[in-house]
file target36.pdb (PDB, C-alpha atoms, pLDDT in the B column)
ATOM      1  CA  LEU A 349     -31.509  25.646  18.248  1.00 65.00           C
ATOM      2  CA  GLU A 350     -28.375  27.787  18.052  1.00 68.00           C
ATOM      3  CA  ASP A 351     -26.141  24.696  17.760  1.00 74.00           C
ATOM      4  CA  GLY A 352     -28.311  23.384  14.950  1.00 75.00           C
ATOM      5  CA  LEU A 353     -28.124  26.713  13.136  1.00 76.00           C
ATOM      6  CA  ASN A 354     -24.340  26.779  13.377  1.00 76.00           C
ATOM      7  CA  GLN A 355     -24.173  23.259  11.981  1.00 80.00           C
ATOM      8  CA  LEU A 356     -26.378  24.362   9.100  1.00 81.00           C
ATOM      9  CA  VAL A 357     -24.074  27.235   8.069  1.00 78.00           C
ATOM     10  CA  GLU A 358     -20.789  25.410   8.692  1.00 82.00           C
ATOM     11  CA  PRO A 359     -20.544  24.053   5.109  1.00 79.00           C
ATOM     12  CA  ILE A 360     -20.956  27.616   3.823  1.00 78.00           C
ATOM     13  CA  ARG A 361     -18.156  28.830   6.068  1.00 78.00           C
ATOM     14  CA  GLY A 362     -16.075  25.906   4.826  1.00 78.00           C
ATOM     15  CA  GLU A 363     -16.235  27.413   1.334  1.00 77.00           C
ATOM     16  CA  GLY A 364     -14.636  30.613   2.621  1.00 76.00           C
ATOM     17  CA  ILE A 365     -17.886  32.607   2.640  1.00 74.00           C
ATOM     18  CA  PHE A 366     -18.259  35.004   5.557  1.00 73.00           C
ATOM     19  CA  THR A 367     -21.305  33.792   7.489  1.00 76.00           C
ATOM     20  CA  ALA A 368     -22.890  34.930  10.741  1.00 73.00           C
ATOM     21  CA  ALA A 369     -25.666  33.088  12.549  1.00 75.00           C
ATOM     22  CA  THR A 370     -27.763  34.017  15.558  1.00 75.00           C
ATOM     23  CA  VAL A 371     -31.117  33.145  17.120  1.00 77.00           C
ATOM     24  CA  ILE A 372     -33.681  35.908  17.690  1.00 77.00           C
ATOM     25  CA  GLU A 373     -36.656  35.344  19.986  1.00 79.00           C
ATOM     26  CA  SER A 374     -39.854  37.177  19.082  1.00 78.00           C
ATOM     27  CA  ARG A 375     -43.584  36.928  19.561  1.00 80.00           C
ATOM     28  CA  ASN A 376     -44.268  36.396  15.860  1.00 76.00           C
ATOM     29  CA  PHE A 377     -42.547  35.973  12.505  1.00 77.00           C
ATOM     30  CA  LEU A 378     -42.862  39.576  11.304  1.00 78.00           C
ATOM     31  CA  GLU A 379     -41.557  40.982  14.553  1.00 81.00           C
ATOM     32  CA  GLY A 380     -38.548  38.686  14.214  1.00 79.00           C
ATOM     33  CA  ILE A 381     -37.900  39.841  10.650  1.00 81.00           C
ATOM     34  CA  ASN A 382     -38.129  43.461  11.783  1.00 81.00           C
ATOM     35  CA  VAL A 383     -35.545  42.918  14.533  1.00 81.00           C
ATOM     36  CA  ILE A 384     -33.207  40.876  12.342  1.00 78.00           C
ATOM     37  CA  THR A 385     -33.081  43.423   9.520  1.00 79.00           C
ATOM     38  CA  GLN A 386     -32.256  46.242  11.939  1.00 78.00           C
ATOM     39  CA  VAL A 387     -29.531  44.176  13.621  1.00 76.00           C
ATOM     40  CA  MET A 388     -27.991  43.205  10.284  1.00 75.00           C
ATOM     41  CA  ARG A 389     -27.675  46.820   9.173  1.00 72.00           C
ATOM     42  CA  GLY A 390     -25.341  47.382  12.123  1.00 72.00           C
ATOM     43  CA  MET A 391     -22.955  44.576  11.140  1.00 72.00           C
ATOM     44  CA  PHE A 392     -19.447  45.327   9.879  1.00 73.00           C
ATOM     45  CA  PHE A 393     -20.332  43.628   6.566  1.00 73.00           C
ATOM     46  CA  PRO A 394     -24.081  44.210   6.425  1.00 74.00           C
ATOM     47  CA  PRO A 395     -26.016  42.165   3.859  1.00 76.00           C
ATOM     48  CA  ASN A 396     -27.962  44.182   1.323  1.00 82.00           C
ATOM     49  CA  ILE A 397     -30.431  41.517   0.162  1.00 85.00           C
ATOM     50  CA  ILE A 398     -33.290  39.732   1.903  1.00 84.00           C
ATOM     51  CA  PHE A 399     -34.413  36.403   0.448  1.00 85.00           C
ATOM     52  CA  PHE A 400     -37.773  34.782   1.078  1.00 83.00           C
ATOM     53  CA  THR A 401     -40.116  32.318  -0.560  1.00 83.00           C
ATOM     54  CA  ILE A 402     -43.637  32.931  -1.775  1.00 80.00           C
ATOM     55  CA  SER A 403     -46.386  30.375  -2.299  1.00 73.00           C
ATOM     56  CA  GLU A 404     -49.686  30.093  -4.086  1.00 65.00           C
ATOM     57  CA  LYS A 405     -51.537  30.589  -0.829  1.00 60.00           C
ATOM     58  CA  GLN A 406     -52.977  34.084  -0.937  1.00 57.00           C
ATOM     59  CA  VAL A 407     -53.475  33.981   2.830  1.00 56.00           C
ATOM     60  CA  LYS A 408     -49.761  34.787   3.098  1.00 65.00           C
ATOM     61  CA  ALA A 409     -49.983  37.819   0.815  1.00 69.00           C
ATOM     62  CA  LYS A 410     -50.533  40.349   3.622  1.00 72.00           C
ATOM     63  CA  ARG A 411     -47.559  39.014   5.558  1.00 74.00           C
ATOM     64  CA  LEU A 412     -45.401  39.201   2.443  1.00 77.00           C
ATOM     65  CA  GLU A 413     -46.460  42.793   1.869  1.00 79.00           C
ATOM     66  CA  LYS A 414     -45.301  43.675   5.388  1.00 81.00           C
ATOM     67  CA  MET A 415     -41.995  41.873   4.828  1.00 80.00           C
ATOM     68  CA  PHE A 416     -41.604  43.816   1.604  1.00 80.00           C
ATOM     69  CA  ALA A 417     -42.237  47.093   3.438  1.00 83.00           C
ATOM     70  CA  ILE A 418     -39.583  46.230   6.033  1.00 83.00           C
ATOM     71  CA  ALA A 419     -37.024  45.487   3.315  1.00 82.00           C
ATOM     72  CA  LEU A 420     -37.761  48.780   1.565  1.00 82.00           C
ATOM     73  CA  ARG A 421     -37.452  50.708   4.818  1.00 83.00           C
ATOM     74  CA  GLU A 422     -34.063  49.157   5.535  1.00 81.00           C
ATOM     75  CA  GLN A 423     -32.945  49.709   1.915  1.00 82.00           C
ATOM     76  CA  LEU A 424     -32.453  46.008   1.300  1.00 85.00           C
ATOM     77  CA  GLY A 425     -32.650  44.344  -2.075  1.00 87.00           C
ATOM     78  CA  ILE A 426     -35.299  41.648  -2.363  1.00 88.00           C
ATOM     79  CA  ILE A 427     -35.205  38.196  -3.946  1.00 91.00           C
ATOM     80  CA  ALA A 428     -38.442  36.215  -3.695  1.00 88.00           C
ATOM     81  CA  LEU A 429     -38.585  32.600  -4.868  1.00 90.00           C
ATOM     82  CA  ARG A 430     -41.732  30.905  -6.087  1.00 89.00           C
ATOM     83  CA  LEU A 431     -40.663  27.263  -6.325  1.00 86.00           C
ATOM     84  CA  HIS A 432     -42.526  25.048  -8.761  1.00 85.00           C
ATOM     85  CA  ALA A 433     -44.099  22.218  -6.764  1.00 80.00           C
ATOM     86  CA  GLU A 434     -43.106  19.466  -9.210  1.00 83.00           C
ATOM     87  CA  ALA A 435     -40.303  20.774 -11.423  1.00 82.00           C
ATOM     88  CA  ALA A 436     -38.352  22.644  -8.700  1.00 89.00           C
ATOM     89  CA  PHE A 437     -35.235  23.900 -10.581  1.00 91.00           C
ATOM     90  CA  GLY A 438     -35.535  21.345 -13.343  1.00 88.00           C
ATOM     91  CA  ASN A 439     -32.212  20.408 -14.941  1.00 90.00           C
ATOM     92  CA  LYS A 440     -30.592  23.763 -14.055  1.00 92.00           C
ATOM     93  CA  LEU A 441     -29.597  24.184 -17.690  1.00 93.00           C
ATOM     94  CA  LYS A 442     -31.428  27.345 -18.804  1.00 95.00           C
ATOM     95  CA  VAL A 443     -32.239  30.581 -16.984  1.00 96.00           C
ATOM     96  CA  ASN A 444     -34.439  33.286 -18.525  1.00 95.00           C
ATOM     97  CA  VAL A 445     -33.774  36.846 -17.335  1.00 95.00           C
ATOM     98  CA  TRP A 446     -36.612  39.226 -18.143  1.00 94.00           C
ATOM     99  CA  LEU A 447     -35.451  42.831 -18.501  1.00 91.00           C
ATOM    100  CA  ARG A 448     -37.295  46.025 -19.230  1.00 86.00           C
ATOM    101  CA  ILE A 449     -35.391  48.929 -20.749  1.00 77.00           C
ATOM    102  CA  GLY A 450     -34.810  51.439 -17.959  1.00 76.00           C
ATOM    103  CA  SER A 451     -35.954  49.044 -15.230  1.00 80.00           C
ATOM    104  CA  PRO A 452     -34.629  49.906 -11.750  1.00 80.00           C
ATOM    105  CA  ASN A 453     -34.325  46.181 -10.980  1.00 86.00           C
ATOM    106  CA  GLN A 454     -32.114  44.987 -13.814  1.00 88.00           C
ATOM    107  CA  ASP A 455     -28.818  45.080 -11.871  1.00 90.00           C
ATOM    108  CA  LEU A 456     -29.915  42.572  -9.226  1.00 92.00           C
ATOM    109  CA  ALA A 457     -31.598  40.395 -11.863  1.00 93.00           C
ATOM    110  CA  ILE A 458     -28.390  40.223 -13.903  1.00 93.00           C
ATOM    111  CA  LEU A 459     -26.095  39.706 -10.908  1.00 93.00           C
ATOM    112  CA  THR A 460     -28.327  36.901  -9.633  1.00 93.00           C
ATOM    113  CA  ALA A 461     -28.317  35.250 -13.059  1.00 94.00           C
ATOM    114  CA  LEU A 462     -24.529  35.475 -13.315  1.00 94.00           C
ATOM    115  CA  GLN A 463     -24.154  33.838  -9.900  1.00 92.00           C
ATOM    116  CA  LEU A 464     -26.487  31.036 -10.960  1.00 94.00           C
ATOM    117  CA  GLU A 465     -24.434  30.566 -14.126  1.00 94.00           C
ATOM    118  CA  ARG A 466     -21.309  30.126 -12.001  1.00 91.00           C
ATOM    119  CA  ASN A 467     -23.059  27.710  -9.631  1.00 90.00           C
ATOM    120  CA  TRP A 468     -25.003  25.658 -12.161  1.00 94.00           C
ATOM    121  CA  GLY A 469     -23.005  26.090 -15.366  1.00 93.00           C
ATOM    122  CA  CYS A 470     -26.288  27.010 -17.065  1.00 95.00           C
ATOM    123  CA  THR A 471     -26.991  29.025 -20.208  1.00 94.00           C
ATOM    124  CA  LEU A 472     -28.441  32.503 -19.705  1.00 95.00           C
ATOM    125  CA  ARG A 473     -31.068  34.077 -21.898  1.00 95.00           C
ATOM    126  CA  LEU A 474     -31.920  37.807 -21.783  1.00 95.00           C
ATOM    127  CA  LEU A 475     -35.511  38.567 -22.756  1.00 94.00           C
ATOM    128  CA  THR A 476     -37.354  41.821 -23.260  1.00 92.00           C
ATOM    129  CA  VAL A 477     -40.748  42.780 -24.671  1.00 92.00           C
ATOM    130  CA  VAL A 478     -41.395  45.643 -27.107  1.00 89.00           C
ATOM    131  CA  ASP A 479     -44.503  46.843 -28.897  1.00 89.00           C
ATOM    132  CA  THR A 480     -43.481  46.869 -32.572  1.00 88.00           C
ATOM    133  CA  LEU A 481     -41.122  45.207 -35.046  1.00 90.00           C
ATOM    134  CA  GLU A 482     -39.312  48.536 -35.444  1.00 90.00           C
ATOM    135  CA  GLU A 483     -38.591  48.601 -31.698  1.00 90.00           C
ATOM    136  CA  LYS A 484     -37.450  44.987 -31.915  1.00 90.00           C
ATOM    137  CA  ALA A 485     -34.898  45.892 -34.588  1.00 91.00           C
ATOM    138  CA  LYS A 486     -33.488  48.573 -32.267  1.00 90.00           C
ATOM    139  CA  ALA A 487     -33.617  46.509 -29.094  1.00 90.00           C
ATOM    140  CA  MET A 488     -31.716  43.485 -30.420  1.00 91.00           C
ATOM    141  CA  PRO A 489     -28.337  45.216 -30.955  1.00 91.00           C
ATOM    142  CA  GLN A 490     -28.870  47.253 -27.783  1.00 89.00           C
ATOM    143  CA  PHE A 491     -29.224  44.117 -25.644  1.00 90.00           C
ATOM    144  CA  ASN A 492     -26.375  42.343 -27.444  1.00 91.00           C
ATOM    145  CA  LYS A 493     -24.167  45.322 -26.610  1.00 91.00           C
ATOM    146  CA  MET A 494     -25.368  45.266 -23.002  1.00 89.00           C
ATOM    147  CA  ALA A 495     -24.463  41.580 -22.707  1.00 90.00           C
ATOM    148  CA  GLU A 496     -20.990  42.426 -23.996  1.00 90.00           C
ATOM    149  CA  LEU A 497     -20.529  45.300 -21.539  1.00 89.00           C
ATOM    150  CA  LEU A 498     -21.689  43.086 -18.684  1.00 87.00           C
ATOM    151  CA  ARG A 499     -19.058  40.497 -19.688  1.00 88.00           C
ATOM    152  CA  MET A 500     -21.734  37.838 -19.796  1.00 90.00           C
ATOM    153  CA  PRO A 501     -20.844  34.321 -21.010  1.00 91.00           C
ATOM    154  CA  ARG A 502     -20.362  33.994 -24.765  1.00 90.00           C
ATOM    155  CA  ASP A 503     -23.291  31.608 -25.079  1.00 92.00           C
ATOM    156  CA  THR A 504     -25.739  34.125 -23.578  1.00 92.00           C
ATOM    157  CA  GLN A 505     -28.788  34.432 -25.804  1.00 93.00           C
ATOM    158  CA  VAL A 506     -30.852  37.555 -26.480  1.00 93.00           C
ATOM    159  CA  VAL A 507     -34.563  37.243 -27.268  1.00 93.00           C
ATOM    160  CA  VAL A 508     -36.784  40.228 -28.106  1.00 92.00           C
ATOM    161  CA  LEU A 509     -40.511  39.523 -28.154  1.00 92.00           C
ATOM    162  CA  THR A 510     -43.239  41.754 -29.562  1.00 90.00           C
ATOM    163  CA  GLY A 511     -46.669  42.404 -28.088  1.00 84.00           C
ATOM    164  CA  GLY A 512     -47.875  42.654 -24.521  1.00 84.00           C
ATOM    165  CA  PHE A 513     -46.001  41.214 -21.568  1.00 86.00           C
ATOM    166  CA  ILE A 514     -48.513  38.493 -20.664  1.00 86.00           C
ATOM    167  CA  PRO A 515     -48.828  37.097 -24.229  1.00 85.00           C
ATOM    168  CA  SER A 516     -45.022  37.156 -24.488  1.00 88.00           C
ATOM    169  CA  VAL A 517     -44.642  35.146 -21.280  1.00 88.00           C
ATOM    170  CA  SER A 518     -46.752  32.353 -22.720  1.00 86.00           C
ATOM    171  CA  LYS A 519     -44.686  32.113 -25.934  1.00 87.00           C
ATOM    172  CA  ALA A 520     -41.214  32.617 -24.443  1.00 90.00           C
ATOM    173  CA  PRO A 521     -38.531  29.936 -24.884  1.00 91.00           C
ATOM    174  CA  SER A 522     -38.651  27.405 -22.064  1.00 91.00           C
ATOM    175  CA  ALA A 523     -36.202  27.507 -19.158  1.00 93.00           C
ATOM    176  CA  ASP A 524     -35.634  25.864 -15.789  1.00 94.00           C
ATOM    177  CA  LEU A 525     -35.911  29.191 -13.967  1.00 95.00           C
ATOM    178  CA  ASN A 526     -37.303  32.598 -14.880  1.00 95.00           C
ATOM    179  CA  ILE A 527     -36.134  35.833 -13.244  1.00 96.00           C
ATOM    180  CA  PHE A 528     -38.430  38.881 -13.217  1.00 93.00           C
ATOM    181  CA  GLY A 529     -38.184  42.322 -11.692  1.00 90.00           C
ATOM    182  CA  PHE A 530     -40.906  43.335  -9.247  1.00 86.00           C
ATOM    183  CA  ALA A 531     -43.491  45.709 -10.680  1.00 80.00           C
ATOM    184  CA  GLN A 532     -43.662  49.218  -9.246  1.00 76.00           C
ATOM    185  CA  GLU A 533     -47.005  48.334  -7.683  1.00 75.00           C
ATOM    186  CA  ILE A 534     -46.959  44.746  -6.488  1.00 74.00           C
ATOM    187  CA  ASN A 535     -49.950  42.580  -7.276  1.00 75.00           C
ATOM    188  CA  TRP A 536     -49.506  39.082  -5.854  1.00 76.00           C
ATOM    189  CA  GLU A 537     -52.397  37.717  -7.929  1.00 77.00           C
ATOM    190  CA  ASP A 538     -50.733  38.926 -11.146  1.00 80.00           C
ATOM    191  CA  MET A 539     -47.499  37.269 -10.045  1.00 81.00           C
ATOM    192  CA  ASP A 540     -49.376  34.022  -9.431  1.00 81.00           C
ATOM    193  CA  HIS A 541     -50.855  34.289 -12.918  1.00 83.00           C
ATOM    194  CA  VAL A 542     -47.416  34.727 -14.496  1.00 86.00           C
ATOM    195  CA  VAL A 543     -46.031  31.732 -12.594  1.00 84.00           C
ATOM    196  CA  GLU A 544     -48.944  29.554 -13.665  1.00 84.00           C
ATOM    197  CA  MET A 545     -48.518  30.575 -17.305  1.00 87.00           C
ATOM    198  CA  ILE A 546     -44.777  30.033 -17.457  1.00 88.00           C
ATOM    199  CA  ASN A 547     -44.943  26.795 -15.428  1.00 87.00           C
ATOM    200  CA  THR A 548     -41.445  27.012 -13.896  1.00 90.00           C
ATOM    201  CA  SER A 549     -39.879  28.191 -10.690  1.00 91.00           C
ATOM    202  CA  CYS A 550     -39.520  31.977 -10.663  1.00 92.00           C
ATOM    203  CA  LEU A 551     -37.408  34.570  -8.897  1.00 93.00           C
ATOM    204  CA  PHE A 552     -38.790  38.081  -8.424  1.00 92.00           C
ATOM    205  CA  VAL A 553     -36.168  40.694  -7.581  1.00 92.00           C
ATOM    206  CA  LYS A 554     -36.002  44.327  -6.510  1.00 90.00           C
ATOM    207  CA  ASP A 555     -32.752  46.319  -6.378  1.00 88.00           C
ATOM    208  CA  SER A 556     -31.679  48.002  -3.177  1.00 83.00           C
ATOM    209  CA  GLY A 557     -30.018  50.747  -5.198  1.00 79.00           C
ATOM    210  CA  GLU A 558     -26.521  49.580  -4.219  1.00 79.00           C
ATOM    211  CA  GLU A 559     -26.126  46.901  -6.890  1.00 81.00           C
ATOM    212  CA  ASN A 560     -24.139  47.651 -10.054  1.00 80.00           C
ATOM    213  CA  ALA A 561     -23.914  44.898 -12.640  1.00 83.00           C
ATOM    214  CA  PHE A 562     -21.613  47.042 -14.816  1.00 79.00           C
ATOM    215  CA  ALA A 563     -18.929  47.525 -12.137  1.00 73.00           C
TER     216      ALA A 563
END
call {"tool": "encode", "arguments": {"input": "target36.pdb", "output": "structure tokens"}}
result
Amino acid sequence: LEDGLNQLVEPIRGEGIFTAATVIESRNFLEGINVITQVMRGMFFPPNIIFFTISEKQVKAKRLEKMFAIALREQLGIIALRLHAEAAFGNKLKVNVWLRIGSPNQDLAILTALQLERNWGCTLRLLTVVDTLEEKAKAMPQFNKMAELLRMPRDTQVVVLTGGFIPSVSKAPSADLNIFGFAQEINWEDMDHVVEMINTSCLFVKDSGEENAFA
């Protein structure tokens, strides 16, 4: 198993990316995650993000909640992928990044989008939702300025939608991937509903507090 794992990460090391691999034995999956996260925090270059996938099977929701709690305890950022069963990542041409003014998760969302832009060569689109047309008029220049300060690609688009979040999701411009911040109180059923409405693969992210997209 260890040899197979090393073979799996060898191409990553070949690209000059620092990579460590080890095999942890445990009685169950959650126990293994608990051990791994504690071990990683003691590394010389400790990772600050945990990545996992989520599915439409609600039976896994309790396990995901426990994984989430472990990540929070260890002060790790979280990226959760809900992969669309048929479309996967589509053509990798467009990525929607949903931002809320004052959101504590916007740094990781933006940094993840910028990395995808480098990897895929895709176009990024920043989206936010406001209540009124007056707020929209204020938000548009604010987000354009933010894109400039973040040194985002010149072709980055800014879209400000009015109305509630759920109605806005259904009328948003299409993309191959949508990135959302986790809500303060996580509701896996609501997340499932959003994924079904938007009909693409989705990333849900939560900052660890160490990310800084403006640095």
call {"tool": "closest_residue", "arguments": {"input": "target36.pdb", "among": "A:Gly512, A:Pro489, A:Gly438, A:Gly352", "to": "Thr548 of chain A", "atoms": "only C-alpha atoms"}}
result
A:Gly438
call {"tool": "resolve_selection", "arguments": {"input": "target36.pdb", "expression": "the PyMOL selection byres ((chain A and resi 515) around 12)", "output": "list of chain:residue names"}}
result
A:Val477, A:Val478, A:Asp479, A:Leu509, A:Thr510, A:Gly511, A:Gly512, A:Phe513, A:Ile514, A:Ser516, A:Val517, A:Ser518, A:Lys519, A:Ala520, A:His541, A:Val542, A:Met545, A:Ile546
call {"tool": "resolve_selection", "arguments": {"input": "target36.pdb", "expression": "the PyMOL selection byres ((chain A and resi 384-393) around 10)", "output": "list of chain:residue names"}}
result
A:Phe366, A:Thr367, A:Ala368, A:Thr370, A:Val371, A:Ile372, A:Leu378, A:Glu379, A:Gly380, A:Ile381, A:Asn382, A:Val383, A:Pro394, A:Pro395, A:Asn396, A:Ile397, A:Ile398, A:Ile418, A:Ala419, A:Arg421, A:Glu422, A:Gln423, A:Leu424
call {"tool": "resolve_selection", "arguments": {"input": "target36.pdb", "expression": "the PyMOL selection byres ((chain A and resi 527-535) around 6)", "output": "list in words"}}
result
Val445, Trp446, Asn453, Asn526, Trp536, Glu537, Asp538, Cys550, Leu551, Phe552, Val553 and Lys554 of chain A
call {"tool": "atom_distance", "arguments": {"input": "target36.pdb", "atom1": "atom CA of Leu356 of chain A", "atom2": "atom CA of Leu429 of chain A"}}
result
20.3 Å
call {"tool": "atom_distance", "arguments": {"input": "target36.pdb", "atom1": "atom CA of Leu475 of chain A", "atom2": "atom CA of Met500 of chain A"}}
result
14.1 Å
call {"tool": "closest_residue", "arguments": {"input": "target36.pdb", "among": "A:Met539, A:Ala428, A:Leu459, A:Met415", "to": "Phe377 of chain A", "atoms": "only C-alpha atoms"}}
result
A:Met415
call {"tool": "build_atoms", "arguments": {"input": "target36.pdb", "residues": "segment 445-472 of chain A", "atoms": "N, CA and C atoms", "output": "JSON list (two decimals), in the frame of the given file"}}
result
[["chain", "number", "residue", "atom", "x", "y", "z"],
["A", 445, "VAL", "N", -33.83, 35.59, -18.10],
["A", 445, "VAL", "CA", -33.77, 36.85, -17.34],
["A", 445, "VAL", "C", -34.59, 37.89, -18.09],
["A", 446, "TRP", "N", -35.72, 38.27, -17.50],
["A", 446, "TRP", "CA", -36.61, 39.23, -18.14],
["A", 446, "TRP", "C", -36.21, 40.65, -17.75],
["A", 447, "LEU", "N", -35.91, 41.47, -18.75],
["A", 447, "LEU", "CA", -35.45, 42.83, -18.50],
["A", 447, "LEU", "C", -36.33, 43.82, -19.24],
["A", 448, "ARG", "N", -36.57, 44.93, -18.59],
["A", 448, "ARG", "CA", -37.30, 46.02, -19.23],
["A", 448, "ARG", "C", -36.34, 47.20, -19.35],
["A", 449, "ILE", "N", -36.30, 47.81, -20.53],
["A", 449, "ILE", "CA", -35.39, 48.93, -20.75],
["A", 449, "ILE", "C", -35.68, 50.02, -19.72],
["A", 450, "GLY", "N", -34.65, 50.40, -18.98],
["A", 450, "GLY", "CA", -34.81, 51.44, -17.96],
["A", 450, "GLY", "C", -35.31, 50.92, -16.63],
["A", 451, "SER", "N", -35.45, 49.60, -16.48],
["A", 451, "SER", "CA", -35.95, 49.04, -15.23],
["A", 451, "SER", "C", -34.99, 49.31, -14.09],
["A", 452, "PRO", "N", -35.50, 49.69, -12.91],
["A", 452, "PRO", "CA", -34.63, 49.91, -11.75],
["A", 452, "PRO", "C", -34.17, 48.61, -11.10],
["A", 453, "ASN", "N", -34.64, 47.46, -11.61],
["A", 453, "ASN", "CA", -34.33, 46.18, -10.98],
["A", 453, "ASN", "C", -33.39, 45.31, -11.81],
["A", 454, "GLN", "N", -32.88, 45.84, -12.91],
["A", 454, "GLN", "CA", -32.11, 44.99, -13.81],
["A", 454, "GLN", "C", -30.75, 44.59, -13.25],
["A", 455, "ASP", "N", -30.14, 45.42, -12.40],
["A", 455, "ASP", "CA", -28.82, 45.08, -11.87],
["A", 455, "ASP", "C", -28.86, 43.81, -11.02],
["A", 456, "LEU", "N", -29.82, 43.75, -10.09],
["A", 456, "LEU", "CA", -29.92, 42.57, -9.23],
["A", 456, "LEU", "C", -30.32, 41.34, -10.03],
["A", 457, "ALA", "N", -31.19, 41.52, -11.02],
["A", 457, "ALA", "CA", -31.60, 40.40, -11.86],
["A", 457, "ALA", "C", -30.39, 39.81, -12.59],
["A", 458, "ILE", "N", -29.56, 40.68, -13.15],
["A", 458, "ILE", "CA", -28.39, 40.22, -13.90],
["A", 458, "ILE", "C", -27.35, 39.60, -12.98],
["A", 459, "LEU", "N", -27.08, 40.24, -11.84],
["A", 459, "LEU", "CA", -26.10, 39.71, -10.91],
["A", 459, "LEU", "C", -26.52, 38.34, -10.37],
["A", 460, "THR", "N", -27.82, 38.19, -10.10],
["A", 460, "THR", "CA", -28.33, 36.90, -9.63],
["A", 460, "THR", "C", -28.16, 35.84, -10.71],
["A", 461, "ALA", "N", -28.46, 36.20, -11.95],
["A", 461, "ALA", "CA", -28.32, 35.25, -13.06],
["A", 461, "ALA", "C", -26.86, 34.84, -13.25],
["A", 462, "LEU", "N", -25.95, 35.79, -13.15],
["A", 462, "LEU", "CA", -24.53, 35.48, -13.32],
["A", 462, "LEU", "C", -24.03, 34.54, -12.21],
["A", 463, "GLN", "N", -24.54, 34.73, -10.99],
["A", 463, "GLN", "CA", -24.15, 33.84, -9.90],
["A", 463, "GLN", "C", -24.70, 32.43, -10.14],
["A", 464, "LEU", "N", -25.92, 32.35, -10.64],
["A", 464, "LEU", "CA", -26.49, 31.04, -10.96],
["A", 464, "LEU", "C", -25.70, 30.35, -12.07],
["A", 465, "GLU", "N", -25.23, 31.13, -13.04],
["A", 465, "GLU", "CA", -24.43, 30.57, -14.13],
["A", 465, "GLU", "C", -23.14, 29.97, -13.59],
["A", 466, "ARG", "N", -22.54, 30.65, -12.61],
["A", 466, "ARG", "CA", -21.31, 30.13, -12.00],
["A", 466, "ARG", "C", -21.60, 28.86, -11.20],
["A", 467, "ASN", "N", -22.72, 28.86, -10.49],
["A", 467, "ASN", "CA", -23.06, 27.71, -9.63],
["A", 467, "ASN", "C", -23.54, 26.50, -10.43],
["A", 468, "TRP", "N", -24.37, 26.75, -11.43],
["A", 468, "TRP", "CA", -25.00, 25.66, -12.16],
["A", 468, "TRP", "C", -24.31, 25.32, -13.48],
["A", 469, "GLY", "N", -23.56, 26.28, -14.03],
["A", 469, "GLY", "CA", -23.00, 26.09, -15.37],
["A", 469, "GLY", "C", -24.08, 26.16, -16.43],
["A", 470, "CYS", "N", -25.14, 26.94, -16.16],
["A", 470, "CYS", "CA", -26.29, 27.01, -17.07],
["A", 470, "CYS", "C", -26.08, 28.06, -18.16],
["A", 471, "THR", "N", -26.96, 28.02, -19.15],
["A", 471, "THR", "CA", -26.99, 29.02, -20.21],
["A", 471, "THR", "C", -27.98, 30.12, -19.83],
["A", 472, "LEU", "N", -27.57, 31.37, -20.02],
["A", 472, "LEU", "CA", -28.44, 32.50, -19.70],
["A", 472, "LEU", "C", -29.11, 33.02, -20.97]]
